[in-house]
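What follows is a short report on a single structure.
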Amino acid sequence: MADRRSFLSEGMVTYAYILLYIALSSGQIFFNKWVLSSKEMNFPYPLGLTLLHMVFSSVLCFLLTKVFKIMKVDEGMTLEIYSTSVIPIGAMFAMTLWLGNTAYLYISVAFAQMLKAIMPVAVFVLGVAAGLEVMSCRMLLIMSVISFGVLVASYGEMNISWIGVVYQMGGVVGEALRLIFMEILVKRKGLKLNPVSLMYYVSPCSAICLFIPWIFLEKPKMDAFGTLDFHPLILTLNSLCTFALNLSVFLVITHTSALTIRVAGVVKDWVVVLVSALLFADTKLTLINLFGYGIAIAGVAAYNNHKLKKEASRGSSGDEQHAESMQLTSSSTLASEK
(Lines give C-alpha, C1' and ligand atoms only; values in the text may rest on other atoms or scores of the structure.)
Protein backbone atom coordinates (compact mmCIF):
# COMPACT_ATOMS: atom_id res chain seq x y z
CA MET A 1 0.00 0.00 0.00
CA ALA A 2 2.82 2.40 0.86
CA ASP A 3 4.54 1.62 -2.45
CA ARG A 4 1.32 2.29 -4.33
CA ARG A 5 0.85 5.63 -2.58
CA SER A 6 4.45 6.53 -3.36
CA PHE A 7 3.94 5.62 -7.02
CA LEU A 8 0.75 7.69 -7.24
CA SER A 9 2.47 10.60 -5.51
CA GLU A 10 5.38 10.52 -7.94
CA GLY A 11 2.98 10.30 -10.87
CA MET A 12 1.03 13.33 -9.70
CA VAL A 13 4.24 15.32 -9.26
CA THR A 14 5.33 14.39 -12.78
CA TYR A 15 1.98 15.45 -14.26
CA ALA A 16 2.13 18.67 -12.25
CA TYR A 17 5.54 19.51 -13.77
CA ILE A 18 4.24 18.74 -17.27
CA LEU A 19 1.15 20.90 -16.78
CA LEU A 20 3.35 23.66 -15.37
CA TYR A 21 5.56 23.52 -18.46
CA ILE A 22 2.57 23.57 -20.84
CA ALA A 23 0.95 26.45 -18.96
CA LEU A 24 4.13 28.55 -18.74
CA SER A 25 5.19 27.83 -22.32
CA SER A 26 1.77 28.68 -23.77
CA GLY A 27 1.34 31.63 -21.43
CA GLN A 28 4.73 33.08 -22.37
CA ILE A 29 3.82 32.99 -26.06
CA PHE A 30 0.56 34.82 -25.36
CA PHE A 31 2.35 37.26 -23.04
CA ASN A 32 4.94 38.13 -25.69
CA LYS A 33 2.24 38.59 -28.32
CA TRP A 34 0.28 40.84 -25.96
CA VAL A 35 3.36 42.97 -25.24
CA LEU A 36 4.28 43.34 -28.92
CA SER A 37 0.76 43.86 -30.29
CA SER A 38 -0.20 47.36 -31.36
CA LYS A 39 -3.76 46.63 -30.18
CA GLU A 40 -2.66 45.61 -26.68
CA MET A 41 0.40 46.94 -24.81
CA ASN A 42 1.99 48.30 -28.01
CA PHE A 43 5.69 47.66 -27.44
CA PRO A 44 6.64 47.03 -31.11
CA TYR A 45 10.30 46.30 -30.43
CA PRO A 46 10.92 42.54 -30.75
CA LEU A 47 14.69 43.05 -30.71
CA GLY A 48 14.49 45.08 -27.51
CA LEU A 49 12.13 42.59 -25.86
CA THR A 50 14.36 39.63 -26.75
CA LEU A 51 17.46 41.51 -25.62
CA LEU A 52 15.77 42.24 -22.30
CA HIS A 53 14.99 38.52 -21.88
CA MET A 54 18.61 37.55 -22.50
CA VAL A 55 20.06 40.19 -20.15
CA PHE A 56 17.56 39.25 -17.44
CA SER A 57 18.34 35.56 -17.90
CA SER A 58 22.10 36.21 -17.76
CA VAL A 59 21.83 38.15 -14.51
CA LEU A 60 19.52 35.64 -12.82
CA CYS A 61 21.63 32.66 -13.90
CA PHE A 62 24.71 34.35 -12.47
CA LEU A 63 22.95 35.11 -9.18
CA LEU A 64 21.52 31.60 -8.80
CA THR A 65 24.73 29.75 -9.67
CA LYS A 66 27.57 32.00 -8.48
CA VAL A 67 26.19 34.27 -5.76
CA PHE A 68 23.49 32.25 -3.97
CA LYS A 69 24.73 28.90 -5.34
CA ILE A 70 21.23 27.46 -5.43
CA MET A 71 21.98 25.69 -8.70
CA LYS A 72 25.15 24.22 -10.11
CA VAL A 73 26.65 24.89 -13.52
CA ASP A 74 27.84 21.78 -15.35
CA GLU A 75 31.60 21.59 -15.62
CA GLY A 76 33.66 20.85 -18.74
CA MET A 77 33.38 24.13 -20.64
CA THR A 78 36.62 25.21 -22.31
CA LEU A 79 37.60 28.25 -24.34
CA GLU A 80 37.81 26.12 -27.47
CA ILE A 81 34.31 24.66 -26.97
CA TYR A 82 32.90 28.09 -26.11
CA SER A 83 34.36 29.76 -29.19
CA THR A 84 33.54 26.99 -31.67
CA SER A 85 30.17 25.83 -30.30
CA VAL A 86 28.59 28.12 -27.71
CA ILE A 87 29.10 31.33 -29.70
CA PRO A 88 27.48 29.88 -32.87
CA ILE A 89 24.66 28.46 -30.73
CA GLY A 90 24.18 31.82 -29.02
CA ALA A 91 24.16 33.64 -32.36
CA MET A 92 21.57 31.26 -33.84
CA PHE A 93 19.51 31.44 -30.64
CA ALA A 94 19.49 35.24 -30.90
CA MET A 95 18.50 35.06 -34.57
CA THR A 96 15.70 32.59 -33.82
CA LEU A 97 14.19 34.67 -31.01
CA TRP A 98 14.54 37.95 -32.86
CA LEU A 99 12.94 36.79 -36.12
CA GLY A 100 10.33 34.64 -34.37
CA ASN A 101 9.17 37.51 -32.16
CA THR A 102 9.21 39.94 -35.09
CA ALA A 103 6.86 37.63 -36.99
CA TYR A 104 4.16 38.31 -34.38
CA LEU A 105 3.96 41.89 -35.58
CA TYR A 106 2.60 40.59 -38.89
CA ILE A 107 0.92 37.20 -38.38
CA SER A 108 -1.25 35.57 -35.75
CA VAL A 109 0.03 33.32 -32.98
CA ALA A 110 -1.87 30.34 -34.39
CA PHE A 111 -0.50 30.73 -37.92
CA ALA A 112 3.05 31.20 -36.63
CA GLN A 113 2.66 28.00 -34.62
CA MET A 114 1.50 26.18 -37.73
CA LEU A 115 4.50 27.40 -39.70
CA LYS A 116 6.80 26.19 -36.93
CA ALA A 117 5.62 22.64 -37.61
CA ILE A 118 8.04 22.69 -40.57
CA MET A 119 10.93 22.65 -38.08
CA PRO A 120 11.74 18.91 -38.41
CA VAL A 121 12.09 19.35 -42.16
CA ALA A 122 14.60 22.17 -41.75
CA VAL A 123 16.51 20.23 -39.08
CA PHE A 124 16.61 17.08 -41.20
CA VAL A 125 17.71 18.84 -44.41
CA LEU A 126 20.48 20.71 -42.61
CA GLY A 127 21.39 17.53 -40.72
CA VAL A 128 21.83 15.67 -44.01
CA ALA A 129 24.00 18.52 -45.32
CA ALA A 130 26.12 18.39 -42.13
CA GLY A 131 26.45 14.61 -42.25
CA LEU A 132 24.42 14.09 -39.07
CA GLU A 133 21.40 12.51 -40.79
CA VAL A 134 20.99 9.96 -43.56
CA MET A 135 18.36 10.31 -46.27
CA SER A 136 15.93 7.40 -46.47
CA CYS A 137 12.57 6.69 -48.10
CA ARG A 138 10.88 6.68 -44.69
CA MET A 139 12.27 10.08 -43.73
CA LEU A 140 11.49 11.49 -47.17
CA LEU A 141 7.87 10.41 -46.73
CA ILE A 142 7.67 11.94 -43.24
CA MET A 143 9.18 15.22 -44.45
CA SER A 144 6.72 15.29 -47.37
CA VAL A 145 3.75 14.78 -45.01
CA ILE A 146 4.88 17.62 -42.74
CA SER A 147 5.53 19.96 -45.68
CA PHE A 148 2.16 19.14 -47.24
CA GLY A 149 0.37 19.78 -43.95
CA VAL A 150 2.04 23.17 -43.47
CA LEU A 151 1.24 24.07 -47.09
CA VAL A 152 -2.45 23.21 -46.57
CA ALA A 153 -2.54 25.17 -43.30
CA SER A 154 -0.99 28.18 -45.06
CA TYR A 155 -3.51 27.92 -47.88
CA GLY A 156 -6.30 28.11 -45.33
CA GLU A 157 -4.92 31.28 -43.69
CA MET A 158 -7.37 34.14 -44.25
CA ASN A 159 -5.07 37.11 -43.49
CA ILE A 160 -1.66 35.94 -44.65
CA SER A 161 1.28 38.37 -44.49
CA TRP A 162 4.26 37.23 -46.51
CA ILE A 163 6.56 39.51 -44.52
CA GLY A 164 5.52 37.68 -41.37
CA VAL A 165 5.98 34.33 -43.12
CA VAL A 166 9.53 35.27 -44.15
CA TYR A 167 10.38 36.33 -40.59
CA GLN A 168 8.92 33.13 -39.13
CA MET A 169 10.69 30.89 -41.64
CA GLY A 170 13.93 32.76 -40.94
CA GLY A 171 13.41 31.95 -37.27
CA VAL A 172 12.83 28.30 -38.16
CA VAL A 173 16.10 28.16 -40.11
CA GLY A 174 17.94 29.80 -37.21
CA GLU A 175 16.51 27.29 -34.76
CA ALA A 176 17.38 24.38 -37.06
CA LEU A 177 20.97 25.61 -37.27
CA ARG A 178 21.08 25.99 -33.48
CA LEU A 179 19.92 22.41 -32.99
CA ILE A 180 22.55 21.19 -35.47
CA PHE A 181 25.28 23.02 -33.53
CA MET A 182 23.79 21.65 -30.32
CA GLU A 183 23.95 18.09 -31.59
CA ILE A 184 27.58 18.59 -32.58
CA LEU A 185 28.32 19.98 -29.10
CA VAL A 186 26.61 17.09 -27.30
CA LYS A 187 27.48 14.12 -29.48
CA ARG A 188 30.83 15.01 -31.01
CA LYS A 189 32.41 17.04 -28.23
CA GLY A 190 30.78 15.14 -25.39
CA LEU A 191 29.59 18.15 -23.39
CA LYS A 192 26.18 17.74 -21.75
CA LEU A 193 24.45 20.78 -20.28
CA ASN A 194 21.22 21.05 -18.34
CA PRO A 195 18.90 23.96 -19.27
CA VAL A 196 20.21 26.24 -16.48
CA SER A 197 23.84 25.66 -17.49
CA LEU A 198 22.90 26.17 -21.13
CA MET A 199 21.28 29.53 -20.39
CA TYR A 200 24.22 30.50 -18.16
CA TYR A 201 26.64 30.11 -21.07
CA VAL A 202 24.42 31.05 -24.01
CA SER A 203 22.38 34.01 -22.69
CA PRO A 204 25.30 36.51 -22.46
CA CYS A 205 26.45 35.56 -25.94
CA SER A 206 22.92 35.94 -27.34
CA ALA A 207 22.55 39.29 -25.55
CA ILE A 208 25.68 40.62 -27.26
CA CYS A 209 24.49 39.34 -30.64
CA LEU A 210 21.15 41.12 -30.12
CA PHE A 211 22.63 44.32 -28.69
CA ILE A 212 24.55 45.18 -31.86
CA PRO A 213 21.55 45.24 -34.28
CA TRP A 214 19.35 46.78 -31.55
CA ILE A 215 21.61 49.85 -31.43
CA PHE A 216 21.08 50.50 -35.13
CA LEU A 217 17.54 49.23 -35.75
CA GLU A 218 15.44 49.92 -32.66
CA LYS A 219 17.28 52.20 -30.28
CA PRO A 220 16.78 55.31 -32.49
CA LYS A 221 13.03 54.62 -32.62
CA MET A 222 12.83 54.09 -28.88
CA ASP A 223 14.75 57.32 -28.25
CA ALA A 224 12.45 59.21 -30.60
CA PHE A 225 9.24 58.02 -28.94
CA GLY A 226 10.58 58.03 -25.39
CA THR A 227 10.30 55.22 -22.85
CA LEU A 228 7.70 56.54 -20.41
CA ASP A 229 4.91 54.37 -21.82
CA PHE A 230 6.90 51.13 -21.94
CA HIS A 231 5.62 49.82 -18.57
CA PRO A 232 8.90 48.61 -17.01
CA LEU A 233 7.00 46.55 -14.42
CA ILE A 234 5.19 44.56 -17.10
CA LEU A 235 8.41 44.04 -19.10
CA THR A 236 10.17 42.83 -15.95
CA LEU A 237 7.32 40.42 -15.22
CA ASN A 238 7.50 39.20 -18.82
CA SER A 239 11.22 38.49 -18.44
CA LEU A 240 10.64 36.79 -15.07
CA CYS A 241 8.02 34.51 -16.65
CA THR A 242 10.55 33.61 -19.33
CA PHE A 243 13.07 32.56 -16.71
CA ALA A 244 10.39 30.64 -14.77
CA LEU A 245 9.70 28.72 -17.98
CA ASN A 246 13.35 27.75 -18.19
CA LEU A 247 13.21 26.42 -14.63
CA SER A 248 10.07 24.42 -15.44
CA VAL A 249 11.97 22.88 -18.35
CA PHE A 250 14.66 21.80 -15.90
CA LEU A 251 12.00 20.11 -13.71
CA VAL A 252 10.36 18.38 -16.68
CA ILE A 253 13.71 17.13 -17.99
CA THR A 254 14.70 15.63 -14.64
CA HIS A 255 11.34 13.95 -13.91
CA THR A 256 10.19 12.60 -17.29
CA SER A 257 11.39 10.77 -20.38
CA ALA A 258 12.23 12.09 -23.84
CA LEU A 259 8.93 10.68 -25.14
CA THR A 260 6.93 12.52 -22.47
CA ILE A 261 8.69 15.76 -23.31
CA ARG A 262 7.89 15.43 -27.00
CA VAL A 263 4.23 14.61 -26.30
CA ALA A 264 3.98 17.60 -23.95
CA GLY A 265 5.42 19.78 -26.71
CA VAL A 266 2.75 18.63 -29.19
CA VAL A 267 -0.02 19.22 -26.62
CA LYS A 268 1.37 22.69 -25.95
CA ASP A 269 1.32 23.48 -29.69
CA TRP A 270 -2.36 22.59 -29.96
CA VAL A 271 -3.17 24.58 -26.81
CA VAL A 272 -1.47 27.64 -28.31
CA VAL A 273 -3.29 27.32 -31.65
CA LEU A 274 -6.76 26.84 -30.14
CA VAL A 275 -6.53 29.25 -27.19
CA SER A 276 -5.01 32.04 -29.29
CA ALA A 277 -8.21 32.08 -31.35
CA LEU A 278 -10.07 33.04 -28.18
CA LEU A 279 -7.56 35.63 -26.95
CA PHE A 280 -6.53 37.59 -30.04
CA ALA A 281 -8.71 39.31 -32.60
CA ASP A 282 -6.21 38.73 -35.43
CA THR A 283 -6.56 34.93 -35.13
CA LYS A 284 -9.21 33.48 -37.44
CA LEU A 285 -8.99 29.71 -37.65
CA THR A 286 -10.54 27.86 -40.58
CA LEU A 287 -11.21 24.16 -41.10
CA ILE A 288 -8.47 24.12 -43.75
CA ASN A 289 -6.06 25.61 -41.19
CA LEU A 290 -6.82 22.91 -38.65
CA PHE A 291 -6.87 20.10 -41.22
CA GLY A 292 -3.46 21.09 -42.58
CA TYR A 293 -2.01 21.53 -39.11
CA GLY A 294 -3.37 18.14 -38.09
CA ILE A 295 -1.55 16.54 -41.04
CA ALA A 296 1.66 18.36 -40.15
CA ILE A 297 1.43 17.31 -36.48
CA ALA A 298 0.89 13.69 -37.56
CA GLY A 299 4.11 13.97 -39.56
CA VAL A 300 5.89 15.54 -36.58
CA ALA A 301 4.68 12.67 -34.36
CA ALA A 302 6.06 10.15 -36.87
CA TYR A 303 9.36 12.05 -36.92
CA ASN A 304 9.54 12.08 -33.10
CA ASN A 305 8.82 8.35 -32.98
CA HIS A 306 11.53 7.67 -35.55
CA LYS A 307 14.10 9.74 -33.65
CA LEU A 308 13.27 8.06 -30.33
CA LYS A 309 13.61 4.57 -31.81
CA LYS A 310 16.87 5.58 -33.46
CA GLU A 311 18.31 6.91 -30.21
CA ALA A 312 17.07 3.90 -28.24
CA SER A 313 18.76 1.51 -30.69
CA ARG A 314 22.01 3.37 -30.18
CA GLY A 315 21.60 3.26 -26.40
CA SER A 316 22.18 7.01 -26.17
CA SER A 317 19.09 8.15 -24.32
CA GLY A 318 21.26 10.50 -22.26
CA ASP A 319 22.24 12.45 -25.35
CA GLU A 320 18.63 12.52 -26.44
CA GLN A 321 17.58 13.92 -23.07
CA HIS A 322 20.08 16.73 -23.36
CA ALA A 323 19.13 17.46 -26.95
CA GLU A 324 15.52 17.66 -25.79
CA SER A 325 16.42 20.04 -22.98
CA MET A 326 18.01 22.44 -25.42
CA GLN A 327 15.11 22.27 -27.83
CA LEU A 328 12.64 22.97 -25.04
CA THR A 329 14.79 25.78 -23.64
CA SER A 330 14.76 27.52 -27.00
CA SER A 331 10.97 27.76 -26.93
CA SER A 332 11.07 29.54 -23.61
CA THR A 333 11.36 33.03 -25.01
CA LEU A 334 10.50 32.32 -28.61
CA ALA A 335 6.99 33.56 -28.84
CA SER A 336 7.57 30.79 -30.33
CA GLU A 337 7.89 27.85 -29.49
CA LYS A 338 9.71 26.59 -27.54
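Simple scheme: letters A, B, ... for chains in C-alpha coordinates order, numbers from 1 for residues in each chain, numbers from 1 for ligands in the order shown.
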
Write out as CSV a residue-level contact list of range 113-168 of chain A versus range 276-299 of chain A with cut-off 8 Å: for each qualifying residue the closest pair of atoms and the distance in Å to one decimal, counting only C-alpha atoms, rows sorted by chain and residue number upward.
```
residue,atom,partner,partner_atom,distance
A:Met114,CA,A:Tyr293,CA,6.0
A:Ala117,CA,A:Ala296,CA,6.4
A:Ile118,CA,A:Ala296,CA,7.7
A:Ile142,CA,A:Gly299,CA,5.5
A:Met143,CA,A:Gly299,CA,7.1
A:Val145,CA,A:Gly299,CA,5.5
A:Ile146,CA,A:Ala296,CA,4.2
A:Ser147,CA,A:Ala296,CA,6.9
A:Phe148,CA,A:Ala296,CA,7.2
A:Gly149,CA,A:Ala296,CA,4.3
A:Val150,CA,A:Ala296,CA,5.9
A:Leu151,CA,A:Gly292,CA,7.2
A:Val152,CA,A:Gly292,CA,4.6
A:Ala153,CA,A:Asn289,CA,4.1
A:Ser154,CA,A:Asn289,CA,6.9
A:Tyr155,CA,A:Ile288,CA,7.5
A:Gly156,CA,A:Ile288,CA,4.8
A:Glu157,CA,A:Asn289,CA,6.3
A:Met158,CA,A:Lys284,CA,7.1
```

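Take the candidates A:Tyr200, A:Phe225, A:Phe93, A:Tyr104 and check each one against Val172 in chain A using only C-alpha atoms; the shortest distance goes to A:Phe93.
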
Hey, can you check how far CA of Arg138 in chain A sits from CA of Val165 in chain A?
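Pair CA of Arg138 in chain A / CA of Val165 in chain A returns 28.1 Å.
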
(request) Kindly indicate which residue among A:Ile22, A:Val123, A:Leu115, A:Val13 lies nearest to Val263 in chain A, using only C-alpha atoms for the distances. (result)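 Looking only at the distances to Val263 in chain A, the closest residue turns out to be A:Ile22.
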
Worksheet entry | For range 236-244 of chain A: contacts at 8 Å, only C-alpha atoms, fewer than 6 positions along chain excluded, given as a PyMOL selection string | chain A and resi 24+28+31-32+52-53+56-57+332-333

Checklist entry - Any idea what's packed within 12 Å of Arg178 in chain A, counting only C-alpha atoms, ignoring anything in its chain fewer than 5 positions away? Could you give it as number ranges by chain? => result A: 85-97, 119, 122-123, 126-127, 171-173, 183-185, 202, 206, 323, 326-327, 329-330

Next item on the list: Using only C-alpha atoms, pick whichever of A:Tyr106, A:Tyr21, A:Phe43, A:Trp34 has the shortest atom-to-atom distance to Gly265 in chain A.
Entry: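 Smallest separation from Gly265 in chain A among the options: A:Tyr21.
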